[in-house]
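> Pasting in a structure now, in structure tokens, and then I'll have a few things to ask.
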Amino acid sequence: MIIVIKQGADEAQVENLKRLLQSKNIEPHISKGSLQTVIGCVGDVAQIDPGLIEALDVVESVQRIQEPYKAANRKFHPDSSMIDCSGVKIGAGAFAVIAGPCSVESEEQIVFVAKAVKAAGATLLRGGAFKPRTSPYSFQGLGKTGIDYLLSAKKETGLPIVTELMDFKDIELFNDVDVIQIGARNMQNFNLLKEVGAYTKKPILLKRGMSATLQELLMSAEYVMASGNPNVILCERGIRTFETAMRNTLDLAVVPALRRLTHLPVIVDPSHATGYSYLVDPVAVAATAIGADGLIIEVHNDPQRAKCDGAQSQTPEMFAATMQRIATVRKALFK
Ligand code: PEP
Ligand code: MN
């Protein structure tokens with residue numbers, strides 16, 4: 001249920017309404033937008049008579065929300081959310097590019113890539129320390145050491161870091177990580193989503209599961225938000241279809257489709273979506289043009305020798321060229 005507040009409503013009366021809702025075990029989420037203020041109600045709203053609320057002086061209208069996601073719903077929060085990633089903003093017009101290798105392989109490697117992607121204009125550094133690999137015999141990531149190396153790269157370049165959490169038992173290692181990634185394979189690990197949402201308000205980069213519908217993606221965001229962390233960034237990274245020519249099938253229309261359903265920022269991962277470095281540039285440009293709030297791109301110093309995802313990794317030179325084209329598109333369409 002959402003309650004639309006009249007323009008210029010008396011603050012004290014809005015406060016009274018908030019307390020009334022709380023007394024009925026409803027959690028009010030106030031969103032002061034540019035056009036209107038709305039109170040999103042989470043809890044057992046069936047017990048509330050909308051007519052009684054509508055009769056209040058400060059209330060313009062009351063609407064029931066049909067969708068099962070509430071906090072993530074744009075109806076709850078009409079303005080787009082801007083998420084602050086240690087000073088780098090994503091969403092509501094702020095565009096960010098996260099770049100770096102699939103996995104952290106050594107301190108020299110991550111520092112080198114961090115400097116290269118920063119020089120090309122990336123605003124955040126990625127690198128996996130805990131890797132969700134399909135085979136138990138593949139490189140599993142450097143774990144804690146990988147996070148230490150990411151922190152060195154952050155110190156050298158000032159870039160905030162993004163890395164994946166697979167198991168909540170490792171959360172304390174993430175104290176100095178700026179954005180916590182929850183990967184596609186864990187998108188419906190509801191315990192992990194609840195634990196991480198309750199533990200931290202750090203931005204969570206939530207990747208779409210490979211067979212997840214948009215509603216399922218939004219319900220996973222809802223888990224994090226309902227646990228106490230409103231700072232969720234959604235990421236489209238391709239889904240599994242009958243097509244095998246590429247690693248996944250990029251579902252690019254989700255960017256405007258999600259924009260309508262949610263206020264959360266939406267970014268695109270052209271690397272995992274395609275699996276081939278030659279496709280990363282055109283797909284990154286297309287994702288920018290369709291209005292994504294950012295991109296996450298795999299860049300490796302030596303893709304042929306990468307321990308993970310080399311075929312889809314751009315070299316620093318390719319990445320720099322892509323960044324130029326992205327800037328051209330942004331300038332033409334959004335500035
Ligand atoms: C990754 O970002 O390296 C990764 C494993 O992504 P996804 O969860 O989208 O497969
Ligand atoms: Mn990868």
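Chains: A, B, ... in order of the structure tokens. Residues: from 1 per chain. Ligands: from 1, in order shown.
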Asn16 (chain A): which residues within 12 Å, counting only C-alpha atoms, same-chain residues fewer than 6 positions away excluded, as a ChimeraX atom specification?

/A:9-10,22-23,28,53,56-59

> Just the residues within 9 Å of Asp281 (chain A), please, counting only C-alpha atoms, with nothing from its chain fewer than 4 positions along; format it as a PDB file with N, CA and C atoms, in the first residue's frame.


ATOM      1  N   PRO A 270      28.572  -6.644 -20.063  1.00  0.00           N
ATOM      2  CA  PRO A 270      28.680  -7.169 -21.427  1.00  0.00           C
ATOM      3  C   PRO A 270      29.670  -8.329 -21.519  1.00  0.00           C
ATOM      4  N   SER A 277      35.511 -11.321 -26.139  1.00  0.00           N
ATOM      5  CA  SER A 277      35.956  -9.934 -25.989  1.00  0.00           C
ATOM      6  C   SER A 277      35.547  -9.065 -27.181  1.00  0.00           C
ATOM      7  N   VAL A 285      28.423  -0.431 -25.718  1.00  0.00           N
ATOM      8  CA  VAL A 285      27.919   0.800 -26.335  1.00  0.00           C
ATOM      9  C   VAL A 285      26.382   0.756 -26.397  1.00  0.00           C
ATOM     10  N   ALA A 286      25.847  -0.413 -26.779  1.00  0.00           N
ATOM     11  CA  ALA A 286      24.382  -0.551 -26.862  1.00  0.00           C
ATOM     12  C   ALA A 286      23.736  -0.404 -25.483  1.00  0.00           C
ATOM     13  N   GLN A 314      38.695  -7.910 -22.016  1.00  0.00           N
ATOM     14  CA  GLN A 314      39.321  -6.911 -22.878  1.00  0.00           C
ATOM     15  C   GLN A 314      40.744  -6.658 -22.408  1.00  0.00           C
ATOM     16  N   MET A 318      41.810  -2.199 -25.505  1.00  0.00           N
ATOM     17  CA  MET A 318      40.420  -2.351 -25.984  1.00  0.00           C
ATOM     18  C   MET A 318      39.480  -1.591 -25.069  1.00  0.00           C
ATOM     19  N   PHE A 319      39.729  -1.705 -23.765  1.00  0.00           N
ATOM     20  CA  PHE A 319      38.862  -1.041 -22.795  1.00  0.00           C
ATOM     21  C   PHE A 319      38.900   0.480 -22.981  1.00  0.00           C
ATOM     22  N   ALA A 321      39.443   2.116 -25.692  1.00  0.00           N
ATOM     23  CA  ALA A 321      38.682   2.477 -26.903  1.00  0.00           C
ATOM     24  C   ALA A 321      37.177   2.416 -26.612  1.00  0.00           C
ATOM     25  N   THR A 322      36.766   1.398 -25.855  1.00  0.00           N
ATOM     26  CA  THR A 322      35.344   1.282 -25.496  1.00  0.00           C
ATOM     27  C   THR A 322      34.906   2.484 -24.653  1.00  0.00           C
ATOM     28  N   MET A 323      35.741   2.886 -23.723  1.00  0.00           N
ATOM     29  CA  MET A 323      35.391   4.032 -22.862  1.00  0.00           C
ATOM     30  C   MET A 323      35.179   5.298 -23.698  1.00  0.00           C
ATOM     31  N   ARG A 325      34.110   5.377 -26.797  1.00  0.00           N
ATOM     32  CA  ARG A 325      32.834   5.259 -27.516  1.00  0.00           C
ATOM     33  C   ARG A 325      31.650   5.445 -26.573  1.00  0.00           C
ATOM     34  N   ILE A 326      31.810   4.959 -25.356  1.00  0.00           N
ATOM     35  CA  ILE A 326      30.746   5.142 -24.350  1.00  0.00           C
ATOM     36  C   ILE A 326      30.556   6.635 -24.075  1.00  0.00           C
TER      37      ILE A 326
END

> Enumerate, in order of chain and increasing residue number, the residues of chain A with an atom no farther than 8 Å from ligand 2, each with its shortest atom pair and distance in Å to one decimal, counting only C-alpha atoms and all ligand atoms, as CSV.


residue,atom,partner,partner_atom_place_in_ligand_line,distance
A:Pro101,CA,ligand 2,1 (Mn),7.5
A:Cys102,CA,ligand 2,1 (Mn),4.1
A:Ser103,CA,ligand 2,1 (Mn),7.0
A:Gly128,CA,ligand 2,1 (Mn),7.8
A:Ser271,CA,ligand 2,1 (Mn),7.5
A:His272,CA,ligand 2,1 (Mn),6.4
A:Glu298,CA,ligand 2,1 (Mn),6.9
A:Cys308,CA,ligand 2,1 (Mn),6.5
A:Asp309,CA,ligand 2,1 (Mn),5.2

> Identify, on the basis of only C-alpha atoms, every residue whose closest approach to Asn248 (chain A) does not exceed 9 Å; exclude the query and any residue fewer than 4 positions from it along the same chain; express the result as a PyMOL selection string.

chain A and resi 210+237-241+243-244+272-275

> Report as a ChimeraX atom specification: the residues of region 115-258 of chain A with a DSSP assignment of alpha helix (DSSP H), based on the backbone of this structure.

/A:115-120,144-157,190-199,214-226,254-258

> Rounded to one decimal place, report the CA of Arg126 (chain A)-CA of Ala71 (chain A) distance in Å.

27.4 Å

> For Lys118 (chain A), which of A:Leu159, A:Ala253, A:Ala306, A:Ile90 is the closest residue, counting only C-alpha atoms?

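Ranked by minimum distance to Lys118 (chain A), first place goes to A:Leu159.
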
> Please list as a PyMOL selection string every residue within 12 Å of Lys307 (chain A), counting only C-alpha atoms and excluding residues in the same chain fewer than 4 positions away.

chain A and resi 101-106+109+128+131+133+138-142+300-303+311+313

> CA of Glu67 (chain A) and CA of Asn25 (chain A) are how many Å apart?

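Separation of CA of Glu67 (chain A) and CA of Asn25 (chain A): 20.3 Å.
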
> If we count only C-alpha atoms, what is near Glu60 (chain A) at a cut-off of 6 Å, once residues fewer than 4 positions away on the same chain are taken out, given as a PDB file with C-alpha atoms, in the first residue's frame?


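The file below, part17.pdb, is the result:
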ATOM      1  CA  VAL A   4       0.347   9.824  -1.342  1.00  0.00           C
ATOM      2  CA  ILE A   5       0.735  12.919   0.823  1.00  0.00           C
ATOM      3  CA  LYS A   6      -0.814  16.250  -0.182  1.00  0.00           C
TER       4      LYS A   6
END

> Have a look at A:Met246, A:Val329, A:Ala92, A:Ile147 and name the one nearest to Arg259 (chain A); count only C-alpha atoms.

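Of the candidates, the smallest distance to Arg259 (chain A) is held by A:Ala92.
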
> Quick one: pick out all strand (DSSP E) residues within region 61-302 of chain A from a backbone DSSP run and write them as an NGL selection string.

:A and (61-63 or 83-85 or 88-90 or 96-100 or 124-126 or 161-164 or 179-182 or 204-207 or 232-236 or 266-268 or 294-298)

> Contacts of Gly209 (chain A) at 9 Å or less, counting only C-alpha atoms, minus same-chain residues fewer than 2 places along, as a tab-separated table (two decimals) with C-alpha atoms, in the first residue's frame?


chain	number	residue	atom	x	y	z
A	183	GLY	CA	26.77	-13.28	-8.14
A	184	ALA	CA	24.24	-14.80	-10.52
A	185	ARG	CA	24.59	-18.21	-8.90
A	186	ASN	CA	23.70	-16.80	-5.49
A	187	MET	CA	20.89	-14.48	-6.55
A	188	GLN	CA	18.38	-16.74	-4.84
A	207	LYS	CA	23.52	-9.96	-10.50
A	211	SER	CA	17.26	-18.25	-15.34
A	212	ALA	CA	15.68	-15.56	-13.20
A	213	THR	CA	12.70	-13.48	-14.26
A	216	GLU	CA	12.54	-12.89	-9.18
A	217	LEU	CA	15.45	-10.45	-9.48
A	236	GLU	CA	21.83	-7.73	-16.13
A	237	ARG	CA	24.51	-10.23	-17.17
A	238	GLY	CA	22.73	-12.38	-19.72
A	239	ILE	CA	20.42	-15.31	-19.24
